[in-house]
Amino acid sequence: LLAVLIGVAILLSNLTPALAASTAPVATLNEFVAALPAGSANQVTGVYASGVFALPVVQQPAGAAGFVSSQPEVLTQFALASSYGTTGMLAHNTLAGAHFSNLEAGQFLTVVYGDGRTAFFQITAVERYQALQPTSPYSDFVDTATQSKLSATDLFYHIYNGDGQLVLQTCIEPEGNASWGRLFVIAEPADLAFLTIVQDTFFAASFTSLFRYSI
């Protein structure tokens, strides 16, 4: 089942019309949180990357682990990932997933919950994998950076078996091949003690706002 999920969750992207990611100005975190609908305290309702995106989150229907929203500028929470200690987010590379390639290690992400609570993460890795059999949900994968080979099941555990991290997943589509590979943005819970001493003007201004919402 895990092998199927790592392959199927995003393969549906080739059925989704190609739309450019929104280039509209990104809202502030305060504005984004205020605009999100209320929900249960433990339900993720949005993910925010300062200056990159402010995306609401929808849930997968029960029993539909391969469902990925076809709405533009919307993320889908990968329900099964929660069972393995990870908050997983899926998006088609032709829709909200197009933003993921603009992220890099060191950047911060904010997860917003239904009660307005926020949790902060720092990106630690951006990993890219090529599917050796692009149209098969059981395909093995090769890490494009290290050339190491993983089965679909091993890749699932490598990415999603964790302890509280956030993972964003989409497809890589070189030369129009929507099933070519997978992109994973991996973020760990941020060290708030470190954030309080960040001196850079941009981050200092951003996190002053963030901390008001975390109290």
# chains A, B, ... in the order shown; residues from 1 in each chain; ligands from 1
>>> select_by_dssp(residues="range 51-209 of chain A", states="strand (DSSP E or B)", output="count of residues only")
56
>>> select_by_dssp(residues="range 65-136 of chain A", states="helix (DSSP H, G or I)", output="compact mmCIF listing (two decimals) with C-alpha atoms, in the first residue's frame")
# COMPACT_ATOMS: atom_id res chain seq x y z
CA ALA A 79 -3.75 11.81 5.93
CA LEU A 80 -1.58 8.70 6.08
CA ALA A 81 1.55 10.72 6.83
CA SER A 82 0.08 11.71 10.20
CA ALA A 96 -0.02 25.08 -5.81
CA GLY A 97 2.91 22.67 -6.03
CA ALA A 98 4.57 25.06 -8.49
CA HIS A 99 5.53 27.18 -5.47
CA PHE A 100 7.58 24.39 -3.89
CA SER A 101 10.50 24.80 -6.29
CA ASN A 102 10.91 28.35 -4.95
>>> residues_around(residues="Gln60 in chain A", least_positions_apart="2", cutoff="9 Å", atoms="only C-alpha atoms", output="ChimeraX atom specification")
/A:58,62-69,76-79
>>> residues_around(residues="range 121-129 of chain A", least_positions_apart="3", cutoff="10 Å", atoms="only C-alpha atoms", output="MDAnalysis selection string")
chainID A and resid 49 100:101 103:111 132 140:150 155 159 164:172 180:192
